[in-house]
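Listing of my_file.txt, compact mmCIF, C-alpha atoms
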# COMPACT_ATOMS: atom_id res chain seq x y z
CA MET U 1 -62.70 24.55 -91.96
CA PRO U 2 -60.57 27.13 -90.12
CA ALA U 3 -59.59 26.27 -86.56
CA THR U 4 -61.45 27.89 -83.69
CA ILE U 5 -60.00 30.40 -81.27
CA ARG U 6 -59.96 27.68 -78.60
CA GLU U 7 -57.94 25.33 -80.83
CA HIS U 8 -55.41 28.01 -81.68
CA SER U 9 -55.14 28.99 -78.03
CA GLN U 10 -54.42 25.39 -77.04
CA LYS U 11 -51.69 25.08 -79.70
CA VAL U 12 -50.06 28.35 -78.69
CA THR U 13 -50.20 27.36 -75.02
CA GLN U 14 -48.37 24.13 -75.83
CA LEU U 15 -45.81 26.02 -77.92
CA LEU U 16 -45.09 28.47 -75.12
CA ALA U 17 -45.01 25.75 -72.47
CA ARG U 18 -42.40 23.77 -74.41
CA ALA U 19 -40.28 26.92 -74.61
CA GLY U 20 -40.46 27.38 -70.85
CA ILE U 21 -42.52 30.59 -70.98
CA GLU U 22 -44.03 31.45 -67.61
CA SER U 23 -47.85 31.27 -67.47
CA PRO U 24 -48.18 29.96 -71.05
CA GLY U 25 -51.97 29.72 -70.92
CA LEU U 26 -52.36 33.33 -69.82
CA CYS U 27 -49.88 34.53 -72.44
CA ALA U 28 -51.73 32.58 -75.13
CA ARG U 29 -55.03 34.19 -74.13
CA VAL U 30 -53.51 37.66 -74.09
CA LEU U 31 -51.97 37.18 -77.54
CA GLY U 32 -55.18 35.67 -78.88
CA ALA U 33 -57.32 38.55 -77.66
CA HIS U 34 -54.79 40.99 -79.07
CA VAL U 35 -54.83 39.60 -82.62
CA ALA U 36 -58.61 39.09 -82.53
CA GLY U 37 -59.15 42.69 -81.42
CA LEU U 38 -61.27 41.61 -78.46
CA ASP U 39 -61.26 42.46 -74.78
CA GLU U 40 -60.76 39.65 -72.29
CA ILE U 41 -64.45 38.91 -71.71
CA ALA U 42 -65.38 39.02 -75.40
CA TYR U 43 -62.43 36.75 -76.18
CA LEU U 44 -63.54 34.16 -73.62
CA LEU U 45 -67.05 34.20 -75.08
CA ALA U 46 -65.73 33.73 -78.62
CA GLN U 47 -63.84 30.48 -78.05
CA ASN U 48 -65.92 28.58 -80.63
CA ASP U 49 -65.54 31.25 -83.30
CA CYS U 50 -63.08 30.69 -86.13
CA LEU U 51 -59.93 32.79 -86.41
CA ASP U 52 -59.27 33.98 -89.98
CA ALA U 53 -56.00 33.06 -91.67
CA ALA U 54 -54.40 36.50 -91.31
CA ALA U 55 -55.12 36.69 -87.58
CA ALA U 56 -53.94 33.12 -87.04
CA SER U 57 -50.68 33.84 -88.86
CA ARG U 58 -50.10 36.93 -86.75
CA LEU U 59 -50.86 34.97 -83.57
CA TYR U 60 -48.11 32.42 -84.27
CA PHE U 61 -45.71 35.15 -85.35
CA LEU U 62 -46.18 36.99 -82.06
CA ALA U 63 -45.91 33.75 -80.11
CA GLY U 64 -42.61 33.12 -81.89
CA ARG U 65 -41.30 36.49 -80.74
CA LEU U 66 -42.23 35.57 -77.19
CA VAL U 67 -40.44 32.23 -77.53
CA GLY U 68 -37.42 34.15 -78.84
CA GLY U 69 -37.14 36.02 -75.55
CA GLU U 70 -38.95 39.30 -76.17
CA PRO U 71 -40.99 40.62 -73.25
CA LEU U 72 -44.75 40.30 -73.65
CA ALA U 73 -45.11 44.08 -73.37
CA HIS U 74 -42.86 44.56 -76.42
CA VAL U 75 -44.69 41.89 -78.38
CA LEU U 76 -48.01 43.63 -77.66
CA GLY U 77 -46.56 47.14 -77.86
CA ARG U 78 -48.29 48.12 -74.63
CA ARG U 79 -48.48 47.49 -70.89
CA GLU U 80 -51.23 48.26 -68.39
CA PHE U 81 -50.41 50.60 -65.52
CA TYR U 82 -52.88 51.95 -62.98
CA GLY U 83 -55.81 50.68 -65.05
CA ARG U 84 -54.70 52.30 -68.31
CA ASP U 85 -52.79 51.13 -71.38
CA PHE U 86 -49.40 52.65 -72.14
CA VAL U 87 -47.37 52.40 -75.33
CA VAL U 88 -44.09 50.55 -74.78
CA ASP U 89 -41.05 50.08 -77.00
CA LYS U 90 -37.32 49.43 -76.69
CA ASN U 91 -36.64 53.05 -75.73
CA VAL U 92 -38.43 52.96 -72.37
CA LEU U 93 -38.58 50.87 -69.24
CA ILE U 94 -41.60 48.57 -69.13
CA PRO U 95 -43.94 49.78 -66.35
CA ARG U 96 -44.00 47.45 -63.35
CA PRO U 97 -46.89 46.90 -60.94
CA GLU U 98 -44.72 47.83 -57.94
CA THR U 99 -44.25 51.34 -59.36
CA GLU U 100 -47.97 51.96 -58.84
CA LEU U 101 -47.04 52.44 -55.18
CA LEU U 102 -45.63 55.86 -56.09
CA VAL U 103 -48.98 56.90 -57.54
CA ASP U 104 -50.89 55.53 -54.54
CA LEU U 105 -48.69 57.44 -52.11
CA ALA U 106 -48.90 60.73 -54.01
CA LEU U 107 -52.69 60.53 -54.21
CA GLY U 108 -52.98 59.61 -50.55
CA LEU U 109 -50.48 62.06 -49.08
CA LEU U 110 -51.23 65.24 -51.01
CA PRO U 111 -54.43 67.31 -51.10
CA ASP U 112 -56.83 67.28 -54.03
CA LYS U 113 -56.20 70.89 -54.97
CA LYS U 114 -53.99 72.75 -57.42
CA ILE U 115 -50.35 71.69 -57.04
CA ALA U 116 -47.35 71.42 -59.35
CA PHE U 117 -45.38 68.20 -59.80
CA ALA U 118 -42.62 66.70 -61.94
CA ASP U 119 -41.99 63.10 -62.99
CA LEU U 120 -38.21 62.95 -63.40
CA GLY U 121 -36.87 60.33 -65.81
CA CYS U 122 -40.43 59.73 -66.97
CA GLY U 123 -39.88 57.02 -69.60
CA THR U 124 -43.37 56.01 -70.74
CA GLY U 125 -44.80 58.81 -68.60
CA CYS U 126 -46.96 56.29 -66.76
CA ILE U 127 -46.43 57.83 -63.31
CA GLY U 128 -46.98 61.46 -64.24
CA ILE U 129 -49.84 60.73 -66.65
CA SER U 130 -51.61 58.63 -64.02
CA LEU U 131 -51.30 61.46 -61.49
CA ALA U 132 -52.56 64.05 -63.98
CA LEU U 133 -55.59 61.94 -64.85
CA GLU U 134 -56.42 60.98 -61.28
CA ARG U 135 -56.06 64.60 -60.10
CA PRO U 136 -57.18 66.99 -62.86
CA GLN U 137 -56.35 70.00 -60.68
CA TRP U 138 -52.69 68.99 -60.50
CA ARG U 139 -50.33 70.48 -63.06
CA GLY U 140 -47.26 68.50 -63.97
CA LEU U 141 -44.42 67.93 -66.32
CA LEU U 142 -42.67 64.86 -67.68
CA LEU U 143 -38.91 65.09 -67.97
CA ASP U 144 -36.46 62.72 -69.60
CA LYS U 145 -32.99 62.97 -71.09
CA SER U 146 -33.92 60.62 -73.93
CA LEU U 147 -35.79 62.23 -76.83
CA ALA U 148 -36.92 58.76 -77.92
CA ALA U 149 -38.46 58.19 -74.49
CA LEU U 150 -40.18 61.57 -74.62
CA ALA U 151 -41.71 60.57 -77.96
CA VAL U 152 -43.21 57.50 -76.27
CA ALA U 153 -44.43 59.65 -73.36
CA LYS U 154 -46.06 62.05 -75.83
CA ALA U 155 -47.82 59.14 -77.53
CA ASN U 156 -49.10 58.00 -74.14
CA CYS U 157 -50.38 61.48 -73.32
CA GLN U 158 -52.35 61.41 -76.57
CA LEU U 159 -53.55 57.84 -76.02
CA ASN U 160 -54.87 58.60 -72.54
CA GLY U 161 -55.99 62.18 -73.08
CA ALA U 162 -53.58 63.68 -70.57
CA LYS U 163 -52.62 67.33 -70.73
CA ILE U 164 -49.13 67.52 -69.32
CA LYS U 165 -45.94 69.29 -70.36
CA LEU U 166 -42.95 67.36 -71.70
CA ILE U 167 -39.39 68.60 -71.24
CA ALA U 168 -36.01 67.24 -72.33
CA GLY U 169 -33.54 67.47 -69.48
CA ASP U 170 -30.81 65.75 -67.50
CA MET U 171 -31.71 65.03 -63.88
CA PHE U 172 -28.11 65.77 -62.91
CA ALA U 173 -28.52 69.40 -64.07
CA LEU U 174 -32.15 70.43 -64.28
CA ALA U 175 -32.97 73.85 -65.67
CA LEU U 176 -36.13 74.26 -63.59
CA ALA U 177 -36.91 77.16 -61.29
CA PRO U 178 -36.08 76.73 -57.58
CA GLN U 179 -39.03 76.11 -55.26
CA SER U 180 -41.42 75.71 -58.20
CA LEU U 181 -42.85 72.29 -57.32
CA ASP U 182 -44.97 70.70 -54.61
CA LEU U 183 -44.16 67.12 -55.60
CA VAL U 184 -41.17 65.40 -57.18
CA VAL U 185 -41.68 61.77 -58.12
CA SER U 186 -39.27 59.45 -59.85
CA ASN U 187 -38.46 55.87 -60.74
CA PRO U 188 -34.83 56.42 -61.76
CA PRO U 189 -32.10 53.99 -62.82
CA TYR U 190 -30.94 52.26 -59.64
CA ILE U 191 -29.31 48.98 -60.66
CA GLY U 192 -25.57 48.72 -60.10
CA LYS U 193 -23.39 48.06 -63.12
CA ASP U 194 -22.30 44.68 -61.73
CA ASP U 195 -25.69 43.58 -60.38
CA GLU U 196 -27.37 40.53 -61.85
CA VAL U 197 -30.23 41.27 -64.23
CA MET U 198 -32.49 38.88 -66.15
CA ASP U 199 -31.36 38.39 -69.74
CA CYS U 200 -34.65 39.64 -71.19
CA VAL U 201 -34.36 42.87 -69.21
CA ARG U 202 -30.71 43.47 -70.10
CA GLU U 203 -31.32 42.71 -73.79
CA TYR U 204 -34.62 44.46 -74.45
CA GLU U 205 -34.86 47.39 -72.04
CA PRO U 206 -32.68 50.53 -72.29
CA ALA U 207 -29.55 50.46 -70.16
CA CYS U 208 -29.90 54.19 -69.48
CA ALA U 209 -33.17 53.49 -67.65
CA LEU U 210 -31.75 50.60 -65.65
CA PHE U 211 -28.17 51.15 -64.56
CA SER U 212 -26.56 53.81 -62.41
CA GLU U 213 -23.03 54.44 -61.15
CA ASN U 214 -21.97 54.24 -57.49
CA ASN U 215 -23.59 50.84 -56.95
CA GLY U 216 -26.86 52.08 -58.34
CA LEU U 217 -27.05 55.19 -56.14
CA ALA U 218 -25.84 57.96 -58.49
CA HIS U 219 -29.22 58.87 -60.00
CA LEU U 220 -31.00 58.51 -56.66
CA GLY U 221 -28.55 60.97 -55.12
CA ALA U 222 -28.95 63.40 -58.02
CA ILE U 223 -32.73 63.43 -57.69
CA ILE U 224 -32.50 64.01 -53.95
CA ARG U 225 -30.26 67.03 -54.52
CA GLN U 226 -32.47 68.39 -57.29
CA ALA U 227 -35.66 67.81 -55.31
CA TRP U 228 -34.38 69.83 -52.37
CA ARG U 229 -33.78 72.75 -54.74
CA LEU U 230 -37.03 72.40 -56.68
CA LEU U 231 -39.53 71.75 -53.89
CA ARG U 232 -41.36 74.45 -52.04
CA PRO U 233 -41.38 74.24 -48.22
CA GLY U 234 -43.77 71.45 -47.28
CA GLY U 235 -43.21 69.68 -50.61
CA LEU U 236 -42.95 65.92 -51.02
CA LEU U 237 -40.36 63.68 -52.68
CA LEU U 238 -41.35 60.13 -53.72
CA LEU U 239 -38.51 57.98 -54.95
CA GLU U 240 -38.50 54.35 -56.09
CA HIS U 241 -35.34 52.36 -55.33
CA GLY U 242 -34.05 48.80 -55.24
CA CYS U 243 -35.31 46.51 -52.50
CA GLY U 244 -31.90 46.53 -50.80
CA GLN U 245 -31.24 50.26 -51.01
CA GLY U 246 -33.76 51.61 -48.50
CA GLU U 247 -31.41 52.37 -45.62
CA LYS U 248 -28.87 54.06 -47.87
CA VAL U 249 -31.54 56.22 -49.51
CA LEU U 250 -32.93 57.20 -46.10
CA GLU U 251 -29.43 58.22 -45.05
CA MET U 252 -29.01 60.38 -48.17
CA LEU U 253 -32.38 62.02 -47.57
CA ARG U 254 -31.50 62.90 -43.98
CA LEU U 255 -28.12 64.30 -45.04
CA ALA U 256 -29.97 66.49 -47.57
CA ASN U 257 -32.08 67.89 -44.70
CA PHE U 258 -35.36 66.23 -45.65
CA THR U 259 -37.67 65.43 -42.73
CA ARG U 260 -40.22 62.71 -41.95
CA VAL U 261 -38.31 60.31 -44.17
CA GLU U 262 -39.49 56.72 -44.38
CA CYS U 263 -39.55 53.63 -46.60
CA ARG U 264 -42.73 52.04 -47.87
CA LYS U 265 -43.17 48.43 -48.93
CA ASP U 266 -44.77 47.09 -52.09
CA LEU U 267 -47.36 44.31 -52.22
CA ALA U 268 -44.58 41.72 -52.07
CA GLY U 269 -43.44 43.14 -48.73
CA LEU U 270 -40.22 44.58 -50.18
CA GLU U 271 -39.00 48.09 -49.39
CA ARG U 272 -39.71 49.76 -52.71
CA CYS U 273 -39.74 53.52 -52.27
CA CYS U 274 -38.84 56.32 -49.91
CA LEU U 275 -40.84 59.41 -49.13
CA ALA U 276 -39.53 62.62 -47.61
CA TRP U 277 -40.84 66.09 -46.86
CA LYS U 278 -39.06 69.38 -47.26
CA GLY U 279 -39.43 71.20 -43.97
CA GLN U 280 -41.34 70.42 -40.81
CA LYS U 281 -44.82 71.29 -42.04
CA PRO U 282 -46.05 69.24 -45.00
CA MET U 283 -49.00 70.33 -47.06
CA ALA U 284 -52.40 69.73 -45.52
CA VAL U 285 -53.53 66.21 -46.22
CA ASP U 286 -57.08 65.22 -47.07
CA LYS U 287 -57.54 62.58 -44.37
CA ARG U 288 -60.22 60.87 -46.41
CA ARG U 289 -57.59 60.03 -49.02
CA GLU U 290 -54.62 59.36 -46.80
CA CYS U 291 -52.86 56.04 -47.39
CA GLN U 292 -53.32 53.52 -44.63
Step by step, read the file and then write its structure as structure tokens.
Amino acid sequence: MPATIREHSQKVTQLLARAGIESPGLCARVLGAHVAGLDEIAYLLAQNDCLDAAAASRLYFLAGRLVGGEPLAHVLGRREFYGRDFVVDKNVLIPRPETELLVDLALGLLPDKKIAFADLGCGTGCIGISLALERPQWRGLLLDKSLAALAVAKANCQLNGAKIKLIAGDMFALALAPQSLDLVVSNPPYIGKDDEVMDCVREYEPACALFSENNGLAHLGAIIRQAWRLLRPGGLLLLEHGCGQGEKVLEMLRLANFTRVECRKDLAGLERCCLAWKGQKPMAVDKRRECQ
């Protein structure tokens, strides 16, 4: 008689635990639900059901990839961000929970009316797509230098039903009209070439989305310069950075003549992003939606 889902889950948990995989039980459940084609609740209710041979074989194959060092998001081919699934592959940075802070800030600081925004260095497109879906009146574009990344972003637009423009472009020399945007948002490369990075990140995620010259500040500086040119008066720049780069980014923003510059912390209490306004009078904020 074929083994039950519970029995397979226990075996996979033991396999992952022996390999030193973090949260082996959770990973086993996620993999099991994935191969069974069930959501989390349905999977938990189906523990006594049998898993057919093909699904069981795929479960152990995927577990083996995880043991071999691949990130769970690559094994699954997706990662959740802001309550939605996004396609992930080797050509894009895996979305992180801390990046959701950029979306929270944009939604809280800008009015729910027609505005134009750009997600620079979009990768999966998770930031820009989330904004477009949360604020249907907003009109945005996703920009990335990598055509492979733009292909992933396009797939995510289709997956999530987002209508947003995709453009190939280098953030060091953007061919966008001056003062054409109300919001610039970006999670750029900001790791220094000599900084320590986990092996799984260095091996499986694209270097072009991780590393930047000038101790990790080159892309951050480029976006600040471009944002000043692209934003209308009263426009907002939201910029993710490394947890030790806040003061330097604030300094660059002030030197670029941005006002009301400040750092915001993520849920772990680490300085994760900077916000800055162009000019003294930001757009009117809907106080009901303002971030606390």
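Proximity ranking of U:Asp49, U:Glu247, U:Glu70, U:Glu80 relative to Glu271 in chain U places U:Glu247 first, based on only C-alpha atoms.
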10 Å contact set for Leu133 in chain U, all atoms listed in the file, chain neighbours under 5 positions out, as an MDAnalysis selection string: chainID U and resid 128 138 157 160:164
Leaving out Tyr82 in chain U and any residue of its chain fewer than 4 positions from it, which residues lie within 9 Å of it when counting all atoms listed in the file, given as a PyMOL selection string? chain U and resi 97+100+103+126-127+130
Range 220-231 of chain U surroundings by all atoms listed in the file, 6 Å radius, close-in-sequence under 5 positions cut, as a list in words: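 What passes the distance filter is Phe172, Pro178, Gln179, Ser180, Leu181 and Asp182 of chain U.
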Residue nearest Ala19 in chain U - candidates U:Val67, U:Val88, U:Ile129, U:Met171, atoms counted: only C-alpha atoms: U:Val67
Counting all atoms listed in the file, which residues in range 95-205 of chain U sit no more than 9 Å from range 255-267 of chain U? For each one, give the nearest pair of atoms and the distance in Å, sorted by chain then residue number, as a tab-separated table.
residue	atom	partner	partner_atom	distance
U:Glu98	CA	U:Asp266	CA	5.9
U:Thr99	CA	U:Asp266	CA	8.4
U:Glu100	CA	U:Asp266	CA	8.9
U:Leu101	CA	U:Asp266	CA	6.6
Quick one: everything within 9 Å of Leu143 in chain U, counting all atoms listed in the file, minus sequence neighbours fewer than 6 positions away in the same chain. Send it as a ChimeraX atom specification. /U:118-123,125,150,165-171
Using all atoms listed in the file: which of U:Arg29, U:Arg254, U:His219, U:Lys90 has the shortest distance to Val12 in chain U: U:Arg29
Of the candidates U:Val152, U:Val35, U:Ile21, U:Ile115, which shows the shortest atom-to-atom distance to Arg58 in chain U, using only C-alpha atoms?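 Going through U:Val152, U:Val35, U:Ile21, U:Ile115 one by one, the smallest distance to Arg58 in chain U is for U:Val35.
Picture a line from CA of Lys154 in chain U to CA of Leu109 in chain U; it runs 27.1 Å.
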Repair of range 194-230 of chain U at the level of N, CA and C atoms, as an mmCIF file, in the coordinates of the input:
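Once everything was written out, this is out.cif:
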data_model
loop_
_atom_site.group_PDB
_atom_site.id
_atom_site.type_symbol
_atom_site.label_atom_id
_atom_site.label_comp_id
_atom_site.auth_asym_id
_atom_site.auth_seq_id
_atom_site.Cartn_x
_atom_site.Cartn_y
_atom_site.Cartn_z
ATOM 1 N N ASP U 194 -22.700 46.074 -61.878
ATOM 2 C CA ASP U 194 -22.300 44.680 -61.730
ATOM 3 C C ASP U 194 -23.417 43.795 -61.160
ATOM 4 N N ASP U 195 -24.583 44.360 -60.939
ATOM 5 C CA ASP U 195 -25.690 43.580 -60.380
ATOM 6 C C ASP U 195 -26.247 42.605 -61.420
ATOM 7 N N GLU U 196 -26.766 41.500 -60.950
ATOM 8 C CA GLU U 196 -27.370 40.530 -61.850
ATOM 9 C C GLU U 196 -28.736 41.017 -62.328
ATOM 10 N N VAL U 197 -28.971 40.853 -63.613
ATOM 11 C CA VAL U 197 -30.230 41.270 -64.230
ATOM 12 C C VAL U 197 -30.678 40.160 -65.172
ATOM 13 N N MET U 198 -31.973 39.893 -65.238
ATOM 14 C CA MET U 198 -32.490 38.880 -66.150
ATOM 15 C C MET U 198 -32.093 39.216 -67.587
ATOM 16 N N ASP U 199 -31.821 38.190 -68.365
ATOM 17 C CA ASP U 199 -31.360 38.390 -69.740
ATOM 18 C C ASP U 199 -32.352 39.207 -70.562
ATOM 19 N N CYS U 200 -33.653 38.925 -70.386
ATOM 20 C CA CYS U 200 -34.650 39.640 -71.190
ATOM 21 C C CYS U 200 -34.684 41.121 -70.860
ATOM 22 N N VAL U 201 -34.401 41.457 -69.603
ATOM 23 C CA VAL U 201 -34.360 42.870 -69.210
ATOM 24 C C VAL U 201 -33.116 43.534 -69.784
ATOM 25 N N ARG U 202 -31.970 42.890 -69.612
ATOM 26 C CA ARG U 202 -30.710 43.470 -70.100
ATOM 27 C C ARG U 202 -30.735 43.631 -71.621
ATOM 28 N N GLU U 203 -31.355 42.688 -72.326
ATOM 29 C CA GLU U 203 -31.320 42.710 -73.790
ATOM 30 C C GLU U 203 -32.347 43.646 -74.403
ATOM 31 N N TYR U 204 -33.524 43.765 -73.773
ATOM 32 C CA TYR U 204 -34.620 44.460 -74.450
ATOM 33 C C TYR U 204 -35.012 45.794 -73.821
ATOM 34 N N GLU U 205 -34.513 46.109 -72.637
ATOM 35 C CA GLU U 205 -34.860 47.390 -72.040
ATOM 36 C C GLU U 205 -33.631 48.303 -72.008
ATOM 37 N N PRO U 206 -33.818 49.620 -72.121
ATOM 38 C CA PRO U 206 -32.680 50.530 -72.290
ATOM 39 C C PRO U 206 -31.792 50.590 -71.049
ATOM 40 N N ALA U 207 -30.502 50.434 -71.270
ATOM 41 C CA ALA U 207 -29.550 50.460 -70.160
ATOM 42 C C ALA U 207 -29.608 51.779 -69.403
ATOM 43 N N CYS U 208 -29.876 52.874 -70.124
ATOM 44 C CA CYS U 208 -29.900 54.190 -69.480
ATOM 45 C C CYS U 208 -31.042 54.324 -68.480
ATOM 46 N N ALA U 209 -32.055 53.464 -68.597
ATOM 47 C CA ALA U 209 -33.170 53.490 -67.650
ATOM 48 C C ALA U 209 -33.005 52.476 -66.529
ATOM 49 N N LEU U 210 -31.953 51.660 -66.617
ATOM 50 C CA LEU U 210 -31.750 50.600 -65.650
ATOM 51 C C LEU U 210 -30.567 50.834 -64.721
ATOM 52 N N PHE U 211 -29.427 51.201 -65.302
ATOM 53 C CA PHE U 211 -28.170 51.150 -64.560
ATOM 54 C C PHE U 211 -27.691 52.537 -64.139
ATOM 55 N N SER U 212 -27.072 52.571 -62.968
ATOM 56 C CA SER U 212 -26.560 53.810 -62.410
ATOM 57 C C SER U 212 -25.211 53.549 -61.752
ATOM 58 N N GLU U 213 -24.346 54.556 -61.775
ATOM 59 C CA GLU U 213 -23.030 54.440 -61.150
ATOM 60 C C GLU U 213 -23.169 54.405 -59.625
ATOM 61 N N ASN U 214 -22.022 54.242 -58.964
ATOM 62 C CA ASN U 214 -21.970 54.240 -57.490
ATOM 63 C C ASN U 214 -22.898 53.183 -56.907
ATOM 64 N N ASN U 215 -22.774 51.957 -57.438
ATOM 65 C CA ASN U 215 -23.590 50.840 -56.950
ATOM 66 C C ASN U 215 -25.084 51.084 -57.057
ATOM 67 N N GLY U 216 -25.448 51.811 -58.098
ATOM 68 C CA GLY U 216 -26.860 52.080 -58.340
ATOM 69 C C GLY U 216 -27.426 53.295 -57.638
ATOM 70 N N LEU U 217 -26.576 54.073 -56.967
ATOM 71 C CA LEU U 217 -27.050 55.190 -56.140
ATOM 72 C C LEU U 217 -26.872 56.563 -56.787
ATOM 73 N N ALA U 218 -26.175 56.652 -57.927
ATOM 74 C CA ALA U 218 -25.840 57.960 -58.490
ATOM 75 C C ALA U 218 -27.083 58.762 -58.873
ATOM 76 N N HIS U 219 -28.013 58.141 -59.584
ATOM 77 C CA HIS U 219 -29.220 58.870 -60.000
ATOM 78 C C HIS U 219 -30.121 59.181 -58.804
ATOM 79 N N LEU U 220 -30.202 58.261 -57.863
ATOM 80 C CA LEU U 220 -31.000 58.510 -56.660
ATOM 81 C C LEU U 220 -30.469 59.733 -55.918
ATOM 82 N N GLY U 221 -29.145 59.821 -55.785
ATOM 83 C CA GLY U 221 -28.550 60.970 -55.120
ATOM 84 C C GLY U 221 -28.792 62.258 -55.883
ATOM 85 N N ALA U 222 -28.716 62.204 -57.212
ATOM 86 C CA ALA U 222 -28.950 63.400 -58.020
ATOM 87 C C ALA U 222 -30.372 63.913 -57.853
ATOM 88 N N ILE U 223 -31.334 63.012 -57.832
ATOM 89 C CA ILE U 223 -32.730 63.430 -57.690
ATOM 90 C C ILE U 223 -32.963 64.030 -56.305
ATOM 91 N N ILE U 224 -32.351 63.459 -55.296
ATOM 92 C CA ILE U 224 -32.500 64.010 -53.950
ATOM 93 C C ILE U 224 -31.975 65.440 -53.898
ATOM 94 N N ARG U 225 -30.824 65.669 -54.496
ATOM 95 C CA ARG U 225 -30.260 67.030 -54.520
ATOM 96 C C ARG U 225 -31.151 67.983 -55.304
ATOM 97 N N GLN U 226 -31.624 67.535 -56.465
ATOM 98 C CA GLN U 226 -32.470 68.390 -57.290
ATOM 99 C C GLN U 226 -33.814 68.662 -56.600
ATOM 100 N N ALA U 227 -34.354 67.638 -55.964
ATOM 101 C CA ALA U 227 -35.660 67.810 -55.310
ATOM 102 C C ALA U 227 -35.584 68.843 -54.197
ATOM 103 N N TRP U 228 -34.505 68.845 -53.436
ATOM 104 C CA TRP U 228 -34.380 69.830 -52.370
ATOM 105 C C TRP U 228 -34.418 71.254 -52.938
ATOM 106 N N ARG U 229 -33.813 71.425 -54.105
ATOM 107 C CA ARG U 229 -33.780 72.750 -54.740
ATOM 108 C C ARG U 229 -35.138 73.106 -55.356
ATOM 109 N N LEU U 230 -35.821 72.128 -55.918
ATOM 110 C CA LEU U 230 -37.030 72.400 -56.680
ATOM 111 C C LEU U 230 -38.297 72.487 -55.830
#
